[in-house]
Amino acid sequence: MGSLTIQSKVLLEHSKRTDPSFACRILKEAVKPVCIGRQNGVASVPNILYGKWNKLPNKVRNYVDENIKLCNPSTVHICDGSDKENELLLYILQKDGMIKPLPKLQNCWLARTDPGDVARVESKTFIATEKMQDTIPIPKNGAVGQLGHWIDPDDLETELNMRFPGCMKGRTMYIIPFSMGPVGSSLSKIGIEITDSPYVVASMRIMTRMGGNVLETLGEGDFIKCLHSVGRPLPLKEPLNNNWPCNPKETIISHIPERNEICSFGSGYGGNSLLGKKCFALRLGSILAKREGWFAEHMLILGLENSQGKKKYIAAAFPSACGKTNLAMMNPTLPGYKVTCVGDDIAWMKFDKNGQLRAINPEFGFFGVAPGTSMSTNPNAMETIKKNTIFTNVAETEDGDVYWEGLEKERDMSTPITSWLRVRNWTKDSGKPAAHPNSRFCTPASQCPIMDPEWESPEGVPIDAIIFGGRRPAGVPLIYEAFNWQHGVFMGASMRSEATAAAEHKGKVIMNDPFAMRPFFGYNFGHYLKHWLSFQEKPGLNLPKIYHVNWFRKDDQGSFMWPGFGENSRVLDWIFRRTDGEDCAQKSAVGMVPTPGSINLEGLKEKVDMEGLFSLPKEMWQQEVVDVRKYFDQQVAEDLPPEIMEELHNLEKRVDSML
Ligand code: GTP
Ligand code: SPV
Ligand code: MN
């Protein structure tokens, strides 16, 4: 190889400043061409900048080789997950102006994206299957389907062929071997992400178990193929916005279940680009789960220990930005209780041979919503993010700290703030938020002070209760319990919640978000419901109790009626006692609700209108039944299992006979 690549030069420069032996070693690799295959009998010679090509299992090498030919990067980097490698990535990211250090924190970084690339783009997320109905229910009465987007595999191929050829020109292609779940657990699965974004690599290193031992475990086994490009080959045709390469006009996030393949183009943000998360662990995960008889869900997992030292584990599904991270890390205000965190976003759950449901958190880090996180709401998250954290689209203070909405009372507000849009001396009077509402921290789970001792257990933790919930400003009580599994599945199916900034939706409309999975179903939601219902027929299963919670009910003045956060432990306590068989519930139209006084309010500082929190406005619930029926009729249509319709009839009858 004649001349050094830009990155080799970066390394050379790096070597002068830091660790010469490190950079020399890499440079030796860089200037030594490695033969990776033959085209027409002539060896093709990509430039392996880092890592050992020969150590890749054959199947991985073939997958990478295909994509080197397709995407045409100038160099290739095979990730090993080491600290040295991370140092190099952070260095490159700084050189490219994609991140900057936050000197007040320890090894923490601020990334600011192109303002056109700030959240998941549900409208450009597709699943390709031969039959449309394998992916989505066919909507009725001219309705526009809301339960995912199907694409014909041939059409997808055309779309991908318009984007991927040559898309990594001038850039380095990174090969990320990663495990979702503890390496080697029978519940875990392995993926290989190919990406041209060093930001994605640094984030995947936090969010997944990434690196060398994953390849050893994989051997010649099968893996999920995850191809990602920011879609901005070099030289650039147009300048970047904020030094953040992305291509919002051409963005597509696609899944090909038949080939266990994900192809994502044009976005570098969150679930669009960290392909282990929503694309793999939820969309493809839910398909694998159906096939293999388990569940891949948008759920947190927490441990709950009472004052007698008795412990239970709970999984909870709330839509994006509706409180999973906060509940998973809460500090209970109720004396005697201890909460531990297993996971904050995704649960893979399977019944074991004794009929006990067990869950693992397939992730290794938290990609959490920053705004609203503070010492008063989530002190454990605040502790977690003090070091080794990548913040994206938050604001910064002049002295090198982070800032976002919700920290007003905990920061010296005389220190000037620069907003996520780089507006200096930002003030609230600007009427614009300092941090983007979907700004996030990406932080290692192991740093959370309340991680559960079993959080990496390969067998998973036993689940005693499943909670559904959402943002419901009106009419939905604080908590209710399903009469049985089938009713619980109906509760999940009829979930609705106010839209949030986690995706591109605008405004505060109430949207149906069944099982908090609307953006993440990998296959037809009707078939998903059948899968959930099928477990009530299986003998010998200890089916968890199912609940619905709502922390977000508002009063006439528009204020939250329930203090939330640590006070939610009072609701968890009630669930704990119910799963222990305590007789503290009574029948209502929507489900079993707490008997008066059975939610422990001891020591609660604020005055709470419990009657108001549990009132069931008849008209609202009659309307709810109408809306849910319309949704099922139009959206799920012929794929709706009859059991769900039966539950809706039952709800309607109970609501109609309410006083
Ligand atoms: P994703 O990561 O998008 O899946 O979100 P999430 O479900 O983990 O939501 P998260 O816990 O990050 O909370 C989102 C927002 O809701 C934050 O601004 C929180 O401060 C706020 N929030 C969480 N729990 C409560 C609560 O009990 N009451 C109130 N009022 N707000 C809450
Ligand atoms: C969500 O939107 O539910 C998230 C963030 O957890 S993202 O990873 O971007 O999907
Ligand atoms: Mn989420």
# chains A, B, ... in the order shown; residues from 1 in each chain; ligands from 1
>>> closest_atom_pairs(of="region 434-537 of chain A", to="region 91-115 of chain A", cutoff="12 Å", atoms="only C-alpha atoms", output="Markdown table")
| residue | atom | partner | partner_atom | distance |
| --- | --- | --- | --- | --- |
| A:Ala435 | CA | A:Arg112 | CA | 10.2 |
| A:His436 | CA | A:Pro115 | CA | 9.2 |
| A:Asn438 | CA | A:Pro115 | CA | 11.4 |
| A:Ser439 | CA | A:Arg112 | CA | 9.3 |
| A:Arg440 | CA | A:Ala111 | CA | 10.0 |
| A:Phe441 | CA | A:Leu110 | CA | 9.3 |
| A:Cys442 | CA | A:Trp109 | CA | 9.9 |
| A:Thr443 | CA | A:Cys108 | CA | 9.4 |
| A:Pro444 | CA | A:Cys108 | CA | 11.7 |
>>> write_last_selection(atoms="all heavy atoms", output="JSON list (two decimals), in the first residue's frame")
[["chain", "number", "residue", "atom", "x", "y", "z"],
["A", 435, "ALA", "N", -32.04, 21.02, 26.09],
["A", 435, "ALA", "CA", -31.70, 19.70, 25.54],
["A", 435, "ALA", "C", -32.83, 19.24, 24.65],
["A", 435, "ALA", "O", -33.99, 19.58, 24.90],
["A", 435, "ALA", "CB", -31.51, 18.71, 26.69],
["A", 436, "HIS", "N", -32.51, 18.47, 23.61],
["A", 436, "HIS", "CA", -33.59, 17.91, 22.79],
["A", 436, "HIS", "C", -34.44, 16.98, 23.67],
["A", 436, "HIS", "O", -33.89, 16.24, 24.49],
["A", 436, "HIS", "CB", -33.01, 17.14, 21.60],
["A", 436, "HIS", "CG", -34.07, 16.68, 20.64],
["A", 436, "HIS", "ND1", -34.78, 15.51, 20.85],
["A", 436, "HIS", "CD2", -34.57, 17.25, 19.52],
["A", 436, "HIS", "CE1", -35.66, 15.38, 19.88],
["A", 436, "HIS", "NE2", -35.55, 16.42, 19.06],
["A", 438, "ASN", "N", -35.67, 14.22, 23.17],
["A", 438, "ASN", "CA", -35.25, 12.82, 23.06],
["A", 438, "ASN", "C", -33.73, 12.68, 23.22],
["A", 438, "ASN", "O", -33.13, 11.73, 22.75],
["A", 438, "ASN", "CB", -35.69, 12.23, 21.71],
["A", 438, "ASN", "CG", -35.52, 10.71, 21.66],
["A", 438, "ASN", "OD1", -35.82, 10.01, 22.64],
["A", 438, "ASN", "ND2", -35.04, 10.19, 20.54],
["A", 439, "SER", "N", -33.11, 13.65, 23.90],
["A", 439, "SER", "CA", -31.67, 13.52, 24.16],
["A", 439, "SER", "C", -31.46, 12.37, 25.13],
["A", 439, "SER", "O", -32.33, 12.07, 25.95],
["A", 439, "SER", "CB", -31.11, 14.82, 24.73],
["A", 439, "SER", "OG", -31.80, 15.22, 25.89],
["A", 440, "ARG", "N", -30.30, 11.73, 25.04],
["A", 440, "ARG", "CA", -30.12, 10.47, 25.76],
["A", 440, "ARG", "C", -28.72, 10.33, 26.36],
["A", 440, "ARG", "O", -27.77, 10.97, 25.91],
["A", 440, "ARG", "CB", -30.35, 9.30, 24.80],
["A", 440, "ARG", "CG", -31.76, 9.32, 24.19],
["A", 440, "ARG", "CD", -32.42, 8.02, 24.23],
["A", 440, "ARG", "NE", -33.84, 8.11, 23.88],
["A", 440, "ARG", "CZ", -34.76, 7.29, 24.36],
["A", 440, "ARG", "NH1", -34.44, 6.33, 25.20],
["A", 440, "ARG", "NH2", -36.03, 7.43, 24.01],
["A", 441, "PHE", "N", -28.63, 9.47, 27.36],
["A", 441, "PHE", "CA", -27.33, 9.03, 27.87],
["A", 441, "PHE", "C", -27.14, 7.57, 27.49],
["A", 441, "PHE", "O", -28.10, 6.81, 27.47],
["A", 441, "PHE", "CB", -27.22, 9.22, 29.39],
["A", 441, "PHE", "CG", -28.37, 8.65, 30.19],
["A", 441, "PHE", "CD1", -28.45, 7.29, 30.46],
["A", 441, "PHE", "CD2", -29.36, 9.49, 30.69],
["A", 441, "PHE", "CE1", -29.51, 6.78, 31.21],
["A", 441, "PHE", "CE2", -30.43, 8.97, 31.44],
["A", 441, "PHE", "CZ", -30.50, 7.61, 31.70],
["A", 442, "CYS", "N", -25.91, 7.23, 27.14],
["A", 442, "CYS", "CA", -25.57, 5.85, 26.79],
["A", 442, "CYS", "C", -24.52, 5.43, 27.80],
["A", 442, "CYS", "O", -23.39, 5.93, 27.77],
["A", 442, "CYS", "CB", -25.05, 5.81, 25.36],
["A", 442, "CYS", "SG", -24.61, 4.16, 24.80],
["A", 443, "THR", "N", -24.88, 4.54, 28.71],
["A", 443, "THR", "CA", -24.03, 4.34, 29.89],
["A", 443, "THR", "C", -24.00, 2.86, 30.29],
["A", 443, "THR", "O", -25.00, 2.15, 30.10],
["A", 443, "THR", "CB", -24.57, 5.25, 31.03],
["A", 443, "THR", "OG1", -23.61, 5.33, 32.07],
["A", 443, "THR", "CG2", -25.88, 4.75, 31.61],
["A", 444, "PRO", "N", -22.87, 2.39, 30.82],
["A", 444, "PRO", "CA", -22.77, 0.96, 31.14],
["A", 444, "PRO", "C", -23.70, 0.56, 32.29],
["A", 444, "PRO", "O", -23.70, 1.20, 33.35],
["A", 444, "PRO", "CB", -21.31, 0.79, 31.58],
["A", 444, "PRO", "CG", -20.59, 1.99, 31.06],
["A", 444, "PRO", "CD", -21.59, 3.09, 31.04]]
>>> residues_around(residues="Pro514 (chain A)", least_positions_apart="3", cutoff="10 Å", atoms="only C-alpha atoms", output="list in words")
Leu147, Ala317, Phe318, Pro319, Phe468, Gly469, Val489, Phe490, Met491, Gly492, Ala493, Ser494, Met495, Arg496, Ser497, Met511, Met517, Arg518, Pro519, Phe521, Phe525 and Leu529 of chain A
>>> residues_near_ligand(ligand="ligand 2", cutoff="7 Å", atoms="only C-alpha atoms and all ligand atoms", output="PyMOL selection string")
chain A and resi 119-120+269-272+277-278+319-321+345+367-368+502-503
>>> closest_residue(among="A:Phe520, A:Trp485, A:Tyr313, A:Tyr174", to="ligand 3", atoms="only C-alpha atoms and all ligand atoms")
A:Phe520
>>> closest_atom_pairs(of="chain A", to="ligand 1", cutoff="7 Å", atoms="only C-alpha atoms and all ligand atoms", output="tab-separated table")
residue	atom	partner	partner_atom_place_in_ligand_line	distance
A:Phe318	CA	ligand 1	7 (O)	5.5
A:Pro319	CA	ligand 1	7 (O)	5.7
A:Ser320	CA	ligand 1	3 (O)	3.4
A:Ala321	CA	ligand 1	5 (O)	3.2
A:Cys322	CA	ligand 1	7 (O)	4.1
A:Gly323	CA	ligand 1	11 (O)	3.1
A:Lys324	CA	ligand 1	7 (O)	3.6
A:Thr325	CA	ligand 1	11 (O)	3.6
A:Asn326	CA	ligand 1	11 (O)	3.9
A:Leu327	CA	ligand 1	24 (N)	6.4
A:Asp344	CA	ligand 1	8 (O)	6.2
A:Asp345	CA	ligand 1	4 (O)	5.7
A:Phe367	CA	ligand 1	2 (O)	6.2
A:Gly368	CA	ligand 1	2 (O)	4.8
A:Val369	CA	ligand 1	12 (O)	4.3
A:Ala370	CA	ligand 1	18 (O)	7.0
A:Pro371	CA	ligand 1	18 (O)	5.0
A:Gly372	CA	ligand 1	20 (O)	3.6
A:Thr373	CA	ligand 1	20 (O)	5.3
A:Thr377	CA	ligand 1	20 (O)	6.6
A:Ala502	CA	ligand 1	3 (O)	5.6
A:Trp551	CA	ligand 1	27 (O)	5.2
A:Phe552	CA	ligand 1	30 (N)	5.7
A:Phe560	CA	ligand 1	30 (N)	6.2
A:Pro563	CA	ligand 1	28 (N)	6.3
A:Gly564	CA	ligand 1	27 (O)	3.4
A:Phe565	CA	ligand 1	27 (O)	4.0
A:Asn568	CA	ligand 1	27 (O)	6.4
>>> residues_around(residues="Cys246 (chain A)", least_positions_apart="6", cutoff="10 Å", atoms="only C-alpha atoms", output="compact mmCIF listing (two decimals) with all heavy atoms, in the first residue's frame")
# COMPACT_ATOMS: atom_id res chain seq x y z
N THR A 113 -26.04 15.79 17.22
CA THR A 113 -26.33 15.25 15.89
C THR A 113 -26.78 16.36 14.94
O THR A 113 -27.05 17.49 15.35
CB THR A 113 -27.46 14.21 15.97
OG1 THR A 113 -28.69 14.89 16.27
CG2 THR A 113 -27.19 13.17 17.04
N ASP A 114 -26.89 16.00 13.70
CA ASP A 114 -27.64 16.80 12.74
C ASP A 114 -29.06 16.91 13.31
O ASP A 114 -29.66 15.89 13.68
CB ASP A 114 -27.64 16.03 11.41
CG ASP A 114 -28.35 16.77 10.30
OD1 ASP A 114 -29.38 17.41 10.58
OD2 ASP A 114 -27.89 16.69 9.15
N GLY A 116 -31.65 16.96 12.00
CA GLY A 116 -32.58 16.12 11.23
C GLY A 116 -32.47 14.64 11.57
O GLY A 116 -33.11 13.80 10.95
N ASP A 117 -31.66 14.32 12.58
CA ASP A 117 -31.43 12.92 12.94
C ASP A 117 -31.42 12.79 14.46
O ASP A 117 -30.37 12.70 15.08
CB ASP A 117 -30.09 12.45 12.33
CG ASP A 117 -29.88 10.96 12.45
OD1 ASP A 117 -30.87 10.21 12.59
OD2 ASP A 117 -28.70 10.53 12.39
N SER A 197 -19.93 4.02 11.16
CA SER A 197 -20.01 5.08 12.17
C SER A 197 -19.23 4.71 13.42
O SER A 197 -19.62 3.79 14.16
CB SER A 197 -21.47 5.33 12.54
OG SER A 197 -21.54 6.05 13.75
N SER A 229 -25.15 1.90 7.51
CA SER A 229 -24.33 2.97 6.96
C SER A 229 -25.01 4.31 7.20
O SER A 229 -26.23 4.42 7.10
CB SER A 229 -24.12 2.79 5.45
OG SER A 229 -23.46 3.93 4.92
N VAL A 230 -24.18 5.31 7.50
CA VAL A 230 -24.75 6.66 7.65
C VAL A 230 -25.11 7.24 6.28
O VAL A 230 -25.80 8.24 6.17
CB VAL A 230 -23.79 7.62 8.39
CG1 VAL A 230 -23.66 7.20 9.85
CG2 VAL A 230 -22.42 7.68 7.71
N GLY A 231 -24.60 6.60 5.22
CA GLY A 231 -25.01 7.00 3.88
C GLY A 231 -24.37 8.30 3.39
O GLY A 231 -25.01 9.06 2.67
N ARG A 232 -23.11 8.54 3.79
CA ARG A 232 -22.42 9.75 3.34
C ARG A 232 -21.00 9.42 2.91
O ARG A 232 -20.02 9.69 3.63
CB ARG A 232 -22.40 10.81 4.46
CG ARG A 232 -23.77 11.31 4.87
CD ARG A 232 -24.53 12.00 3.75
NE ARG A 232 -23.90 13.21 3.28
CZ ARG A 232 -24.13 14.43 3.80
NH1 ARG A 232 -24.95 14.59 4.80
NH2 ARG A 232 -23.54 15.49 3.29
N LEU A 240 -21.52 18.55 5.89
CA LEU A 240 -22.29 17.94 6.98
C LEU A 240 -22.90 19.03 7.85
O LEU A 240 -22.38 20.14 7.92
CB LEU A 240 -21.38 17.08 7.85
CG LEU A 240 -20.71 15.87 7.23
CD1 LEU A 240 -19.85 15.16 8.26
CD2 LEU A 240 -21.76 14.92 6.66
N PHE A 265 -29.92 2.35 6.76
CA PHE A 265 -29.18 3.34 5.98
C PHE A 265 -29.65 4.74 6.33
O PHE A 265 -30.85 4.99 6.46
CB PHE A 265 -29.45 3.09 4.48
CG PHE A 265 -28.65 3.94 3.54
CD1 PHE A 265 -27.44 3.50 3.03
CD2 PHE A 265 -29.12 5.19 3.15
CE1 PHE A 265 -26.70 4.28 2.14
CE2 PHE A 265 -28.39 5.98 2.26
CZ PHE A 265 -27.17 5.52 1.76
N GLY A 266 -28.71 5.66 6.51
CA GLY A 266 -29.07 7.08 6.53
C GLY A 266 -29.17 7.74 7.89
O GLY A 266 -29.15 8.96 7.97
N SER A 267 -29.34 6.95 8.96
CA SER A 267 -29.44 7.57 10.29
C SER A 267 -28.36 7.01 11.20
O SER A 267 -28.06 5.82 11.18
CB SER A 267 -30.82 7.29 10.92
OG SER A 267 -30.77 7.61 12.30
N GLY A 268 -27.80 7.88 12.03
CA GLY A 268 -26.78 7.42 12.98
C GLY A 268 -27.30 7.38 14.39
O GLY A 268 -26.54 7.17 15.34
N TYR A 269 -28.62 7.58 14.57
CA TYR A 269 -29.15 7.79 15.92
C TYR A 269 -29.81 6.55 16.53
O TYR A 269 -30.60 5.87 15.86
CB TYR A 269 -30.18 8.93 15.91
CG TYR A 269 -30.43 9.50 17.30
CD1 TYR A 269 -29.50 10.36 17.88
CD2 TYR A 269 -31.55 9.16 18.03
CE1 TYR A 269 -29.70 10.85 19.15
CE2 TYR A 269 -31.76 9.66 19.31
CZ TYR A 269 -30.82 10.52 19.87
OH TYR A 269 -31.03 11.00 21.13
>>> decode(residues="region 123-135 of chain A", atoms="N, CA, C and O atoms", output="short mmCIF file (atom, residue, chain, number, x, y, z; two decimals), in the first residue's frame")
data_model
loop_
_atom_site.label_atom_id
_atom_site.label_comp_id
_atom_site.auth_asym_id
_atom_site.auth_seq_id
_atom_site.Cartn_x
_atom_site.Cartn_y
_atom_site.Cartn_z
N SER A 123 -41.73 5.85 10.32
CA SER A 123 -42.31 5.85 8.97
C SER A 123 -41.36 5.24 7.94
O SER A 123 -41.78 4.91 6.84
N LYS A 124 -40.08 5.12 8.28
CA LYS A 124 -39.12 4.58 7.31
C LYS A 124 -38.56 3.23 7.77
O LYS A 124 -37.47 2.83 7.38
N THR A 125 -39.30 2.58 8.64
CA THR A 125 -38.88 1.29 9.17
C THR A 125 -39.74 0.19 8.55
O THR A 125 -40.97 0.26 8.63
N PHE A 126 -39.11 -0.78 7.91
CA PHE A 126 -39.83 -1.78 7.12
C PHE A 126 -39.42 -3.21 7.48
O PHE A 126 -38.29 -3.44 7.91
N ILE A 127 -40.35 -4.11 7.25
CA ILE A 127 -40.05 -5.54 7.36
C ILE A 127 -40.43 -6.19 6.04
O ILE A 127 -41.53 -5.94 5.51
N ALA A 128 -39.50 -6.97 5.51
CA ALA A 128 -39.73 -7.57 4.19
C ALA A 128 -40.07 -9.05 4.33
O ALA A 128 -39.27 -9.82 4.88
N THR A 129 -41.26 -9.42 3.87
CA THR A 129 -41.65 -10.84 3.80
C THR A 129 -42.38 -11.05 2.48
O THR A 129 -42.95 -10.10 1.93
N GLU A 130 -42.37 -12.29 2.00
CA GLU A 130 -43.08 -12.58 0.75
C GLU A 130 -44.55 -12.19 0.89
O GLU A 130 -45.11 -11.51 0.04
N LYS A 131 -45.16 -12.64 1.99
CA LYS A 131 -46.58 -12.35 2.20
C LYS A 131 -46.73 -11.15 3.13
O LYS A 131 -46.19 -11.13 4.24
N MET A 132 -47.52 -10.18 2.69
CA MET A 132 -47.73 -8.99 3.52
C MET A 132 -48.29 -9.35 4.90
O MET A 132 -47.90 -8.82 5.92
N GLN A 133 -49.21 -10.33 4.89
CA GLN A 133 -49.91 -10.64 6.14
C GLN A 133 -49.01 -11.33 7.17
O GLN A 133 -49.38 -11.44 8.33
N ASP A 134 -47.84 -11.79 6.75
CA ASP A 134 -46.89 -12.30 7.75
C ASP A 134 -46.35 -11.14 8.59
O ASP A 134 -45.97 -11.32 9.75
N THR A 135 -46.30 -9.95 8.03
CA THR A 135 -45.73 -8.80 8.72
C THR A 135 -46.78 -7.94 9.41
O THR A 135 -46.61 -7.52 10.55
#
